[in-house]
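What's in start35.pdb: PDB, C-alpha atoms
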ATOM      1  CA  MET D 255     -28.036  10.872 -37.190
ATOM      2  CA  ALA D 256     -29.353   9.081 -40.270
ATOM      3  CA  LYS D 257     -26.818   6.689 -41.814
ATOM      4  CA  ARG D 258     -27.456   8.287 -45.205
ATOM      5  CA  TRP D 259     -27.951  12.000 -45.812
ATOM      6  CA  GLY D 260     -28.761  13.320 -49.267
ATOM      7  CA  MET D 261     -28.750  16.568 -51.229
ATOM      8  CA  THR D 262     -30.607  17.345 -54.446
ATOM      9  CA  VAL D 263     -28.351  18.430 -57.307
ATOM     10  CA  PRO D 264     -27.612  20.461 -59.306
ATOM     11  CA  LEU D 265     -27.597  23.422 -56.964
ATOM     12  CA  GLY D 266     -29.206  26.601 -58.279
ATOM     13  CA  GLY D 267     -26.888  29.393 -59.323
ATOM     14  CA  ILE D 268     -23.875  27.130 -59.882
ATOM     15  CA  PRO D 269     -23.207  25.861 -63.425
ATOM     16  CA  LEU D 270     -23.014  22.108 -63.863
ATOM     17  CA  SER D 271     -19.469  22.566 -65.125
ATOM     18  CA  ASP D 272     -18.543  23.873 -61.649
ATOM     19  CA  HIS D 273     -20.170  21.083 -59.683
ATOM     20  CA  ALA D 274     -16.956  19.197 -58.974
ATOM     21  CA  GLU D 275     -16.505  21.555 -56.027
ATOM     22  CA  VAL D 276     -20.150  21.044 -55.039
ATOM     23  CA  PHE D 277     -19.696  17.279 -54.844
ATOM     24  CA  LYS D 278     -16.465  17.670 -52.856
ATOM     25  CA  THR D 279     -18.284  19.943 -50.418
ATOM     26  CA  LEU D 280     -21.065  17.403 -50.006
ATOM     27  CA  VAL D 281     -18.617  14.622 -49.211
ATOM     28  CA  ASP D 282     -16.622  16.763 -46.791
ATOM     29  CA  ALA D 283     -19.832  17.835 -45.028
ATOM     30  CA  GLY D 284     -20.900  14.239 -44.439
ATOM     31  CA  PHE D 285     -23.482  13.869 -47.186
ATOM     32  CA  THR D 286     -23.575  10.312 -48.501
ATOM     33  CA  ASP D 287     -25.980  10.776 -51.402
ATOM     34  CA  ALA D 288     -26.634  13.014 -54.409
ATOM     35  CA  TRP D 289     -30.145  12.830 -55.860
ATOM     36  CA  THR D 290     -31.756  14.501 -58.853
ATOM     37  CA  SER D 291     -35.253  15.488 -59.880
ATOM     38  CA  GLU D 292     -36.536  15.877 -63.433
ATOM     39  CA  VAL D 293     -39.044  18.659 -64.031
ATOM     40  CA  ALA D 294     -37.905  21.500 -66.283
ATOM     41  CA  GLY D 295     -34.291  22.041 -65.223
ATOM     42  CA  ALA D 296     -31.487  19.536 -65.680
ATOM     43  CA  ASP D 297     -32.431  16.013 -66.680
ATOM     44  CA  ALA D 298     -32.154  13.377 -63.968
ATOM     45  CA  PHE D 299     -29.082  11.574 -65.302
ATOM     46  CA  THR D 300     -26.477  14.105 -66.479
ATOM     47  CA  PRO D 301     -25.707  15.562 -63.013
ATOM     48  CA  LEU D 302     -25.359  12.064 -61.592
ATOM     49  CA  THR D 303     -22.983  11.063 -64.368
ATOM     50  CA  LEU D 304     -20.764  13.982 -63.378
ATOM     51  CA  ALA D 305     -21.047  13.021 -59.717
ATOM     52  CA  ALA D 306     -20.058   9.455 -60.546
ATOM     53  CA  ALA D 307     -16.804  10.737 -62.058
ATOM     54  CA  TRP D 308     -16.078  13.608 -59.659
ATOM     55  CA  ALA D 309     -17.158  12.050 -56.329
ATOM     56  CA  PRO D 310     -16.567   8.295 -56.455
ATOM     57  CA  THR D 311     -17.830   7.731 -52.892
ATOM     58  CA  LEU D 312     -21.263   9.328 -53.251
ATOM     59  CA  ARG D 313     -24.329   7.190 -53.685
ATOM     60  CA  LEU D 314     -26.567   8.396 -56.512
ATOM     61  CA  GLY D 315     -30.292   8.367 -57.138
ATOM     62  CA  THR D 316     -33.045   9.768 -59.329
ATOM     63  CA  ALA D 317     -36.114  11.179 -57.602
ATOM     64  CA  ILE D 318     -37.602  10.785 -60.031
ATOM     65  CA  ALA D 319     -37.296   9.759 -63.668
ATOM     66  CA  PRO D 320     -40.848   9.820 -65.095
ATOM     67  CA  VAL D 321     -42.214   6.558 -66.462
ATOM     68  CA  TYR D 322     -43.824   8.292 -69.449
ATOM     69  CA  THR D 323     -41.185  10.567 -70.942
ATOM     70  CA  ARG D 324     -38.770   7.812 -72.000
ATOM     71  CA  GLY D 325     -39.744   4.585 -73.663
ATOM     72  CA  PRO D 326     -39.086   1.422 -71.672
ATOM     73  CA  GLY D 327     -35.984   0.481 -73.659
ATOM     74  CA  LEU D 328     -34.441   3.940 -73.460
ATOM     75  CA  LEU D 329     -35.077   4.215 -69.718
ATOM     76  CA  ALA D 330     -33.418   0.822 -69.203
ATOM     77  CA  MET D 331     -30.420   1.813 -71.341
ATOM     78  CA  THR D 332     -29.975   5.120 -69.531
ATOM     79  CA  ALA D 333     -30.171   3.479 -66.114
ATOM     80  CA  ALA D 334     -27.842   0.678 -67.168
ATOM     81  CA  ALA D 335     -25.215   3.127 -68.410
ATOM     82  CA  LEU D 336     -25.221   5.028 -65.121
ATOM     83  CA  ALA D 337     -25.149   1.787 -63.128
ATOM     84  CA  ASP D 338     -22.142   0.732 -65.206
ATOM     85  CA  THR D 339     -20.488   4.104 -64.506
ATOM     86  CA  ALA D 340     -21.087   3.911 -60.736
ATOM     87  CA  PRO D 341     -21.218   0.198 -59.865
ATOM     88  CA  GLY D 342     -23.252  -0.485 -56.767
ATOM     89  CA  ARG D 343     -23.827   3.223 -56.060
ATOM     90  CA  PHE D 344     -26.842   4.063 -58.220
ATOM     91  CA  GLN D 345     -30.539   3.709 -57.412
ATOM     92  CA  LEU D 346     -33.150   4.315 -60.089
ATOM     93  CA  GLY D 347     -36.167   6.147 -58.739
ATOM     94  CA  ILE D 348     -39.145   6.201 -61.083
ATOM     95  CA  GLY D 349     -42.613   7.685 -60.801
ATOM     96  CA  ALA D 350     -45.675   8.888 -62.639
ATOM     97  CA  SER D 351     -44.735  12.603 -62.452
ATOM     98  CA  SER D 352     -47.667  14.923 -63.289
ATOM     99  CA  PRO D 353     -50.051  15.821 -66.135
ATOM    100  CA  VAL D 354     -48.172  19.099 -66.669
ATOM    101  CA  VAL D 355     -44.718  17.528 -67.028
ATOM    102  CA  VAL D 356     -45.920  14.532 -69.004
ATOM    103  CA  GLY D 357     -48.768  15.931 -71.067
ATOM    104  CA  ASP D 358     -48.283  19.675 -71.387
ATOM    105  CA  TRP D 359     -44.495  19.682 -71.673
ATOM    106  CA  ASN D 360     -43.703  16.315 -73.256
ATOM    107  CA  SER D 361     -46.846  15.700 -75.325
ATOM    108  CA  VAL D 362     -47.472  12.226 -73.892
ATOM    109  CA  PRO D 363     -50.962  11.239 -72.698
ATOM    110  CA  PHE D 364     -51.025  11.016 -68.897
ATOM    111  CA  THR D 365     -53.265   7.983 -68.558
ATOM    112  CA  LYS D 366     -53.366   5.092 -66.075
ATOM    113  CA  PRO D 367     -50.437   6.309 -63.915
ATOM    114  CA  VAL D 368     -50.610   3.398 -61.468
ATOM    115  CA  ALA D 369     -50.715   0.833 -64.284
ATOM    116  CA  ARG D 370     -47.900   2.558 -66.173
ATOM    117  CA  SER D 371     -45.741   2.596 -63.038
ATOM    118  CA  ARG D 372     -46.486  -1.067 -62.335
ATOM    119  CA  ASP D 373     -45.709  -2.014 -65.929
ATOM    120  CA  MET D 374     -42.427  -0.107 -65.933
ATOM    121  CA  LEU D 375     -41.379  -1.848 -62.737
ATOM    122  CA  GLY D 376     -42.284  -5.179 -64.325
ATOM    123  CA  PHE D 377     -40.167  -4.365 -67.368
ATOM    124  CA  LEU D 378     -37.150  -2.805 -65.675
ATOM    125  CA  ARG D 379     -36.386  -5.553 -63.186
ATOM    126  CA  PRO D 380     -35.703  -8.276 -65.794
ATOM    127  CA  ALA D 381     -34.325  -5.830 -68.372
ATOM    128  CA  LEU D 382     -31.684  -4.428 -66.012
ATOM    129  CA  ALA D 383     -30.744  -7.983 -65.055
ATOM    130  CA  GLY D 384     -29.855  -8.619 -68.710
ATOM    131  CA  GLU D 385     -32.866 -10.796 -69.496
ATOM    132  CA  MET D 386     -34.795 -10.631 -72.745
ATOM    133  CA  VAL D 387     -38.197  -9.010 -72.344
ATOM    134  CA  ASP D 388     -40.914  -9.942 -74.823
ATOM    135  CA  GLN D 389     -44.209  -9.068 -73.218
ATOM    136  CA  GLU D 390     -47.535  -7.349 -73.621
ATOM    137  CA  PHE D 391     -48.062  -5.046 -70.657
ATOM    138  CA  GLU D 392     -51.280  -3.182 -69.946
ATOM    139  CA  THR D 393     -49.885   0.211 -70.987
ATOM    140  CA  PHE D 394     -47.157  -0.734 -73.499
ATOM    141  CA  SER D 395     -45.681  -3.662 -75.387
ATOM    142  CA  VAL D 396     -42.028  -4.685 -75.619
ATOM    143  CA  ARG D 397     -40.798  -7.054 -78.308
ATOM    144  CA  ARG D 398     -37.567  -9.019 -77.769
ATOM    145  CA  PHE D 399     -35.621  -6.324 -75.940
ATOM    146  CA  ARG D 400     -32.316  -7.204 -74.335
ATOM    147  CA  LEU D 401     -29.637  -4.805 -73.105
ATOM    148  CA  GLU D 402     -26.363  -5.137 -74.978
ATOM    149  CA  ARG D 403     -24.490  -3.846 -71.905
ATOM    150  CA  PRO D 404     -26.356  -4.991 -68.794
ATOM    151  CA  PRO D 405     -24.703  -3.633 -65.648
ATOM    152  CA  ALA D 406     -22.711  -6.055 -63.536
ATOM    153  CA  THR D 407     -24.626  -4.698 -60.535
ATOM    154  CA  PRO D 408     -28.196  -3.901 -61.563
ATOM    155  CA  PRO D 409     -29.505  -0.788 -59.809
ATOM    156  CA  ALA D 410     -32.199  -1.002 -57.195
ATOM    157  CA  VAL D 411     -35.476   0.370 -58.561
ATOM    158  CA  LEU D 412     -37.493   2.621 -56.263
ATOM    159  CA  LEU D 413     -41.017   3.887 -56.844
ATOM    160  CA  ALA D 414     -42.356   7.344 -56.016
ATOM    161  CA  ALA D 415     -45.583   6.891 -54.080
ATOM    162  CA  LEU D 416     -48.063   8.985 -52.148
ATOM    163  CA  ARG D 417     -51.321   7.215 -51.363
ATOM    164  CA  PRO D 418     -52.033   3.591 -50.383
ATOM    165  CA  GLY D 419     -52.278   2.062 -53.864
ATOM    166  CA  MET D 420     -48.834   3.212 -54.993
ATOM    167  CA  LEU D 421     -47.308   2.669 -51.548
ATOM    168  CA  ARG D 422     -48.463  -0.944 -51.561
ATOM    169  CA  LEU D 423     -47.224  -1.382 -55.124
ATOM    170  CA  ALA D 424     -43.805  -0.101 -54.059
ATOM    171  CA  ALA D 425     -43.718  -2.488 -51.102
ATOM    172  CA  ALA D 426     -44.710  -5.447 -53.256
ATOM    173  CA  GLU D 427     -42.654  -4.889 -56.397
ATOM    174  CA  ALA D 428     -39.970  -2.209 -55.877
ATOM    175  CA  ASP D 429     -36.768  -2.043 -53.852
ATOM    176  CA  GLY D 430     -37.867   1.077 -52.044
ATOM    177  CA  VAL D 431     -40.180   4.062 -52.002
ATOM    178  CA  ILE D 432     -39.671   7.796 -52.597
ATOM    179  CA  MET D 433     -41.977  10.314 -50.954
ATOM    180  CA  ASN D 434     -42.326  14.096 -50.860
ATOM    181  CA  TRP D 435     -44.657  16.829 -49.664
ATOM    182  CA  LEU D 436     -45.140  15.321 -46.242
ATOM    183  CA  ALA D 437     -44.246  16.391 -42.716
ATOM    184  CA  ALA D 438     -41.976  14.332 -40.500
ATOM    185  CA  THR D 439     -45.012  13.429 -38.395
ATOM    186  CA  ASP D 440     -46.767  12.052 -41.505
ATOM    187  CA  VAL D 441     -44.104   9.405 -42.054
ATOM    188  CA  PRO D 442     -45.427   6.657 -39.726
ATOM    189  CA  ALA D 443     -48.925   6.676 -41.251
ATOM    190  CA  THR D 444     -47.470   6.617 -44.742
ATOM    191  CA  LEU D 445     -45.070   3.767 -44.000
ATOM    192  CA  ALA D 446     -47.900   1.759 -42.456
ATOM    193  CA  GLU D 447     -49.024   1.130 -46.054
ATOM    194  CA  THR D 448     -45.694  -0.579 -46.859
ATOM    195  CA  LYS D 449     -46.003  -3.373 -44.321
ATOM    196  CA  GLY D 450     -44.617  -6.586 -45.707
ATOM    197  CA  ALA D 451     -41.770  -4.921 -47.590
ATOM    198  CA  ALA D 452     -38.338  -6.533 -47.388
ATOM    199  CA  ASP D 453     -36.039  -5.604 -44.521
ATOM    200  CA  ASP D 454     -33.704  -3.765 -46.899
ATOM    201  CA  PHE D 455     -36.580  -1.756 -48.406
ATOM    202  CA  ASP D 456     -35.269   1.794 -48.850
ATOM    203  CA  VAL D 457     -37.379   4.746 -47.748
ATOM    204  CA  VAL D 458     -36.373   8.055 -49.335
ATOM    205  CA  ALA D 459     -37.997  11.444 -48.728
ATOM    206  CA  ARG D 460     -37.359  14.610 -50.706
ATOM    207  CA  ILE D 461     -37.563  17.455 -48.197
ATOM    208  CA  PHE D 462     -37.838  21.110 -49.219
ATOM    209  CA  VAL D 463     -35.397  23.197 -47.177
ATOM    210  CA  CYS D 464     -35.357  27.000 -47.067
ATOM    211  CA  PRO D 465     -32.318  27.915 -44.936
ATOM    212  CA  THR D 466     -33.172  31.384 -43.672
ATOM    213  CA  ALA D 467     -34.044  32.967 -40.359
ATOM    214  CA  ASP D 468     -36.492  35.233 -42.219
ATOM    215  CA  THR D 469     -39.672  33.367 -41.361
ATOM    216  CA  ALA D 470     -41.871  35.678 -43.432
ATOM    217  CA  TYR D 471     -39.791  35.070 -46.546
ATOM    218  CA  ALA D 472     -39.773  31.297 -46.020
ATOM    219  CA  ARG D 473     -43.531  31.217 -45.557
ATOM    220  CA  ASN D 474     -44.157  33.396 -48.606
ATOM    221  CA  VAL D 475     -42.059  31.214 -50.898
ATOM    222  CA  GLY D 476     -43.550  28.134 -49.253
ATOM    223  CA  ARG D 477     -47.063  29.349 -50.039
ATOM    224  CA  ARG D 478     -46.140  29.855 -53.690
ATOM    225  CA  MET D 479     -44.755  26.333 -53.891
ATOM    226  CA  ILE D 480     -47.809  24.883 -52.181
ATOM    227  CA  THR D 481     -50.192  26.502 -54.668
ATOM    228  CA  SER D 482     -48.032  25.219 -57.536
ATOM    229  CA  TYR D 483     -47.912  21.628 -56.323
ATOM    230  CA  LEU D 484     -50.853  20.910 -54.076
ATOM    231  CA  ASN D 485     -53.464  21.948 -56.638
ATOM    232  CA  VAL D 486     -52.288  18.999 -58.757
ATOM    233  CA  PRO D 487     -54.987  16.357 -58.152
ATOM    234  CA  ALA D 488     -52.644  13.593 -56.954
ATOM    235  CA  TYR D 489     -50.983  15.875 -54.418
ATOM    236  CA  ALA D 490     -54.314  17.322 -53.309
ATOM    237  CA  GLU D 491     -55.673  13.840 -52.654
ATOM    238  CA  PHE D 492     -52.488  12.964 -50.765
ATOM    239  CA  GLN D 493     -52.912  15.924 -48.438
ATOM    240  CA  LYS D 494     -56.556  15.008 -47.867
ATOM    241  CA  TRP D 495     -55.490  11.455 -47.024
ATOM    242  CA  LEU D 496     -52.937  12.856 -44.553
ATOM    243  CA  GLY D 497     -55.699  14.873 -42.897
ATOM    244  CA  ARG D 498     -54.917  18.370 -44.199
ATOM    245  CA  GLY D 499     -58.092  18.660 -46.245
ATOM    246  CA  PRO D 500     -59.843  21.105 -43.886
ATOM    247  CA  ALA D 501     -56.731  23.296 -43.584
ATOM    248  CA  LEU D 502     -56.276  23.483 -47.361
ATOM    249  CA  GLU D 503     -59.919  23.706 -48.442
ATOM    250  CA  GLY D 504     -59.799  27.498 -48.552
ATOM    251  CA  MET D 505     -56.772  27.426 -50.824
ATOM    252  CA  TRP D 506     -58.355  24.891 -53.174
ATOM    253  CA  SER D 507     -61.632  26.828 -53.356
ATOM    254  CA  ALA D 508     -59.938  30.149 -54.103
ATOM    255  CA  TRP D 509     -57.674  28.530 -56.702
ATOM    256  CA  ALA D 510     -60.615  26.897 -58.460
ATOM    257  CA  ALA D 511     -62.340  30.298 -58.589
ATOM    258  CA  GLY D 512     -59.289  31.883 -60.211
ATOM    259  CA  ASP D 513     -58.398  33.895 -57.103
ATOM    260  CA  ARG D 514     -54.636  33.333 -56.937
ATOM    261  CA  LYS D 515     -53.985  35.930 -54.228
ATOM    262  CA  GLY D 516     -56.820  34.540 -52.166
ATOM    263  CA  ALA D 517     -55.415  31.038 -52.541
ATOM    264  CA  LEU D 518     -52.045  32.137 -51.196
ATOM    265  CA  ALA D 519     -53.622  33.987 -48.288
ATOM    266  CA  ALA D 520     -55.784  30.984 -47.362
ATOM    267  CA  ILE D 521     -52.838  28.689 -46.599
ATOM    268  CA  PRO D 522     -52.306  28.524 -42.827
ATOM    269  CA  ASP D 523     -48.834  29.154 -41.433
ATOM    270  CA  GLN D 524     -48.922  25.733 -39.792
ATOM    271  CA  VAL D 525     -49.311  23.965 -43.136
ATOM    272  CA  VAL D 526     -46.284  25.803 -44.517
ATOM    273  CA  ASP D 527     -44.265  25.021 -41.410
ATOM    274  CA  ASP D 528     -45.271  21.352 -41.634
ATOM    275  CA  LEU D 529     -44.250  20.931 -45.275
ATOM    276  CA  ILE D 530     -41.322  23.344 -45.716
ATOM    277  CA  VAL D 531     -38.258  23.111 -43.481
ATOM    278  CA  HIS D 532     -36.931  26.585 -42.684
ATOM    279  CA  GLY D 533     -34.772  28.365 -40.133
ATOM    280  CA  SER D 534     -31.055  28.545 -39.408
ATOM    281  CA  PRO D 535     -28.823  25.753 -40.751
ATOM    282  CA  ALA D 536     -28.869  24.168 -37.296
ATOM    283  CA  ASP D 537     -32.680  24.373 -37.174
ATOM    284  CA  CYS D 538     -32.904  22.837 -40.649
ATOM    285  CA  ARG D 539     -30.562  19.984 -39.751
ATOM    286  CA  ALA D 540     -32.648  19.147 -36.699
ATOM    287  CA  LYS D 541     -35.902  19.226 -38.657
ATOM    288  CA  VAL D 542     -34.451  17.011 -41.393
ATOM    289  CA  GLN D 543     -33.224  14.604 -38.737
ATOM    290  CA  ALA D 544     -36.792  14.397 -37.437
ATOM    291  CA  TYR D 545     -37.758  12.717 -40.722
ATOM    292  CA  ALA D 546     -35.117  10.074 -40.101
ATOM    293  CA  ASP D 547     -36.300   9.649 -36.521
ATOM    294  CA  HIS D 548     -39.794   8.890 -37.859
ATOM    295  CA  GLY D 549     -38.599   6.225 -40.315
ATOM    296  CA  ILE D 550     -37.026   7.857 -43.370
ATOM    297  CA  ARG D 551     -33.811   6.012 -44.207
ATOM    298  CA  VAL D 552     -32.550   8.561 -46.742
ATOM    299  CA  PRO D 553     -33.630  12.166 -46.073
ATOM    300  CA  VAL D 554     -32.780  14.190 -49.188
ATOM    301  CA  GLN D 555     -32.727  17.960 -48.954
ATOM    302  CA  ALA D 556     -33.967  20.067 -51.866
ATOM    303  CA  LEU D 557     -32.738  23.610 -51.326
ATOM    304  CA  ILE D 558     -35.038  26.580 -51.882
ATOM    305  CA  ALA D 559     -33.136  29.695 -52.910
ATOM    306  CA  THR D 560     -33.174  32.701 -50.610
ATOM    307  CA  PRO D 561     -32.129  36.294 -51.381
ATOM    308  CA  GLU D 562     -28.870  35.604 -49.577
ATOM    309  CA  TRP D 563     -28.298  32.513 -51.705
ATOM    310  CA  ASP D 564     -28.981  34.362 -54.946
ATOM    311  CA  ALA D 565     -26.705  37.243 -53.971
ATOM    312  CA  GLY D 566     -23.899  35.093 -52.605
ATOM    313  CA  ARG D 567     -20.734  33.971 -54.332
ATOM    314  CA  THR D 568     -20.200  30.292 -55.049
ATOM    315  CA  ALA D 569     -18.015  30.081 -51.944
ATOM    316  CA  ASP D 570     -20.897  31.428 -49.843
ATOM    317  CA  LYS D 571     -23.292  28.872 -51.324
ATOM    318  CA  LEU D 572     -20.888  26.031 -50.608
ATOM    319  CA  ALA D 573     -20.407  27.220 -47.032
ATOM    320  CA  LEU D 574     -24.165  27.092 -46.506
ATOM    321  CA  VAL D 575     -24.390  23.606 -48.006
ATOM    322  CA  ALA D 576     -21.622  22.477 -45.681
ATOM    323  CA  ALA D 577     -23.523  23.930 -42.716
ATOM    324  CA  LEU D 578     -26.559  21.829 -43.668
ATOM    325  CA  GLY D 579     -24.589  18.586 -43.642
ATOM    326  CA  PRO D 580     -24.419  16.126 -40.750
ATOM    327  CA  SER D 581     -20.692  16.523 -40.087
TER
END
Exercise: express the given structure as structure tokens:
Amino acid sequence: MAKRWGMTVPLGGIPLSDHAEVFKTLVDAGFTDAWTSEVAGADAFTPLTLAAAWAPTLRLGTAIAPVYTRGPGLLAMTAAALADTAPGRFQLGIGASSPVVVGDWNSVPFTKPVARSRDMLGFLRPALAGEMVDQEFETFSVRRFRLERPPATPPAVLLAALRPGMLRLAAAEADGVIMNWLAATDVPATLAETKGAADDFDVVARIFVCPTADTAYARNVGRRMITSYLNVPAYAEFQKWLGRGPALEGMWSAWAAGDRKGALAAIPDQVVDDLIVHGSPADCRAKVQAYADHGIRVPVQALIATPEWDAGRTADKLALVAALGPS
């Protein structure tokens, strides 16, 4: 079993104000980590702040905080405050995010994502260590910034990466890498691009988990997610690099032609099964463990709601979460 085992929070259908019981369930079930995403639901930091107070043994991480939607100083302050709240337990995961999140929803130009990510890494490392930063970066400038409350234990900074350029950047300049939308069998080829990273380089994967024995339902929801994500250019190129180009070409062609139903129908079952973990809780645990067996140090589950989940009481949801844990 992986030494660390993560769950994405907050859980759907449970108010943040009721997550004290969620965090207790995670700990009791053997989860070591709580991780957040930041798309259009909760922000990446508020749930972790609650977890820091309500579950003082959990490790915490963002997967990811976009490098565009906060200015450098604000991102450093936010990360420093959480690192001060949970000393030694917080990891800051950053990444480029997507043109939709950055441009369409936050009105920030999505330009030079690799350079912006590199520049943010270059700023955050000294800033979180309490150093003054006065530097002209390629994508932004910072004038005489110093944290008033630098954390006693600066957080590790991880970089979300898909293809070789970002993977090599993570290996060279970050403390770890965060990946998603890959199968367990894709992990070795992906990690081959991080050769030369330090021995303590963290490897985190966000894994979509649909805990249901209804294979048809899991594949249907998986197809909808695939059309939503894998038509984004960066994710499309990632899948081509992994070798799924021929299998997904029909989906991309139909999508480009405006044929949404055709795009869904063109996705092979095998692609869904590769990228979306589904089955009974025991099946899901075994499939998540396969990621660890292939080199993921921190497999982080991201639950996909099922009809049973939506209809269940909070106690039912927590029982399912417990069944997905390693204990």
task: For the file shown, report as JSON, numbers by chain the outcome of the PyMOL selection byres ((chain D and resi 368) around 8) at residue level.
output: {"D": [350, 366, 367, 369, 370, 371, 372, 419, 420]}
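For the residues D:Gly499, D:Pro380, D:Gly512, D:Gly430, ranking by smallest atom-to-atom distance to D:Pro326 using all atoms listed in the file places D:Pro380 first.
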message: So that I can see what lies close to D:Val486, please list as number ranges by chain the residues with an atom at most 12 Å from it, counting only C-alpha atoms and leaving out residues fewer than 4 positions away in the same chain.
response: D: 351-355, 479-482, 490-493, 506, 509-510
task: Using all atoms listed in the file, find the one residue out of D:Asp570, D:Glu275, D:Asp287, D:Asp282 that sits nearest to D:Val458.
output: D:Asp287
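Near D:Leu378, within 8 Å and counting only C-alpha atoms, sit Pro326, Ala330, Met374, Leu375, Gly376, Pro380, Ala381, Leu382 and Val411 of chain D, not including residues fewer than 2 positions from it in the same chain.
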query: Can you list, as an MDAnalysis selection string, the residues that the PyMOL selection byres ((chain D and resi 349) around 9) selects here?
result: chainID D and resid 317:322 347:348 350:351 367 371 412:415 432
message: Residues within 12 Å of D:Ala298, please, as a VMD selection string. Count all atoms listed in the file; anything in the same chain fewer than 2 positions from it doesn't count.
response: chain D and resid 262 to 264 288 to 296 300 to 305 314 to 320 323 to 324 329 332 to 333 336 345 to 348
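The residue set within 8 Å of D:Arg403, counting only C-alpha atoms and dropping same-chain residues fewer than 5 places from it, reads D:Ala334, D:Ala335, D:Gly384.
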Any chance you can output those residues with C-alpha atoms as an mmCIF file, keeping the file's coordinate frame?
data_model
loop_
_atom_site.group_PDB
_atom_site.id
_atom_site.type_symbol
_atom_site.label_atom_id
_atom_site.label_comp_id
_atom_site.auth_asym_id
_atom_site.auth_seq_id
_atom_site.Cartn_x
_atom_site.Cartn_y
_atom_site.Cartn_z
ATOM 1 C CA ALA D 334 -27.842 0.678 -67.168
ATOM 2 C CA ALA D 335 -25.215 3.127 -68.410
ATOM 3 C CA GLY D 384 -29.855 -8.619 -68.710
#
task: Select, from D:Pro580, D:Pro310, D:Pro363, D:Gly497, the residue with the minimum atom-to-atom distance to D:Gly284, counting all atoms listed in the file.
output: D:Pro580
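Comparing the minimum interatomic distances between D:Pro405 and each of D:Leu572, D:Cys464, D:Ala437, D:Met331, counting only C-alpha atoms, we find that D:Met331 sits nearest.
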message: Which residues would end up in the selection if the PyMOL selection byres ((chain D and resi 550-564) around 6) were applied here, given that I need the answer as a list in words?
response: Arg258, Trp259, Gly260, Met261, Thr262, Val457, Val458, Ala459, Arg460, Ile461, Phe462, Val463, Cys464, Tyr545, Ala546, Gly549, Ala565 and Gly566 of chain D
Only C-alpha atoms, please: the residues just picked out, written as a PDB file, in the coordinates of the input.
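Writing done, so here's selection30.pdb:
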ATOM      1  CA  ARG D 258     -27.456   8.287 -45.205  1.00  0.00           C
ATOM      2  CA  TRP D 259     -27.951  12.000 -45.812  1.00  0.00           C
ATOM      3  CA  GLY D 260     -28.761  13.320 -49.267  1.00  0.00           C
ATOM      4  CA  MET D 261     -28.750  16.568 -51.229  1.00  0.00           C
ATOM      5  CA  THR D 262     -30.607  17.345 -54.446  1.00  0.00           C
ATOM      6  CA  VAL D 457     -37.379   4.746 -47.748  1.00  0.00           C
ATOM      7  CA  VAL D 458     -36.373   8.055 -49.335  1.00  0.00           C
ATOM      8  CA  ALA D 459     -37.997  11.444 -48.728  1.00  0.00           C
ATOM      9  CA  ARG D 460     -37.359  14.610 -50.706  1.00  0.00           C
ATOM     10  CA  ILE D 461     -37.563  17.455 -48.197  1.00  0.00           C
ATOM     11  CA  PHE D 462     -37.838  21.110 -49.219  1.00  0.00           C
ATOM     12  CA  VAL D 463     -35.397  23.197 -47.177  1.00  0.00           C
ATOM     13  CA  CYS D 464     -35.357  27.000 -47.067  1.00  0.00           C
ATOM     14  CA  TYR D 545     -37.758  12.717 -40.722  1.00  0.00           C
ATOM     15  CA  ALA D 546     -35.117  10.074 -40.101  1.00  0.00           C
ATOM     16  CA  GLY D 549     -38.599   6.225 -40.315  1.00  0.00           C
ATOM     17  CA  ALA D 565     -26.705  37.243 -53.971  1.00  0.00           C
ATOM     18  CA  GLY D 566     -23.899  35.093 -52.605  1.00  0.00           C
TER      19      GLY D 566
END
- prompt: What separation in Å, quoted to one decimal, exists between atom CA of D:Phe455 and atom CA of D:Lys494?
  reply: 26.1 Å
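Taking atom CA of D:Arg498 and atom CA of D:Arg422 as the two end points, the separation is 21.7 Å.
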field: Long-range neighbours of D:Thr568 as a VMD selection string, 9 Å cut-off, all atoms listed in the file, 3 positions minimum in chain
entry: chain D and resid 267 to 268 571 to 573
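For the pair atom CA of D:Leu529 and atom CA of D:Gly516, the separation is 19.8 Å.
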- request: For each of D:Cys538, D:Val356, D:Met433, D:Met386, take the minimum atom-to-atom distance to D:Leu416, counting only C-alpha atoms, then give the residue where this is smallest.
  value: D:Met433
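Shortest atom-to-atom contact with D:Ala309 among D:Thr339, D:Pro522, D:Asp453, D:Ala438: D:Thr339, counting all atoms listed in the file.
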Can you spit out stretch 348-361 of chain D with C-alpha atoms, as a PDB file, in the first residue's frame, from the structure just given?
ATOM      1  CA  ILE D 348       0.705  25.315  -8.649  1.00  0.00           C
ATOM      2  CA  GLY D 349      -0.021  25.052 -12.352  1.00  0.00           C
ATOM      3  CA  ALA D 350      -1.063  26.866 -15.486  1.00  0.00           C
ATOM      4  CA  SER D 351      -4.731  25.754 -15.310  1.00  0.00           C
ATOM      5  CA  SER D 352      -6.621  26.334 -18.592  1.00  0.00           C
ATOM      6  CA  PRO D 353      -7.734  29.127 -20.948  1.00  0.00           C
ATOM      7  CA  VAL D 354     -11.326  28.719 -19.726  1.00  0.00           C
ATOM      8  CA  VAL D 355     -10.531  29.078 -16.015  1.00  0.00           C
ATOM      9  CA  VAL D 356      -7.932  31.787 -16.493  1.00  0.00           C
ATOM     10  CA  GLY D 357      -9.254  33.755 -19.444  1.00  0.00           C
ATOM     11  CA  ASP D 358     -12.989  33.173 -19.691  1.00  0.00           C
ATOM     12  CA  TRP D 359     -13.742  33.072 -15.969  1.00  0.00           C
ATOM     13  CA  ASN D 360     -11.052  35.286 -14.443  1.00  0.00           C
ATOM     14  CA  SER D 361     -10.400  37.742 -17.285  1.00  0.00           C
TER      15      SER D 361
END
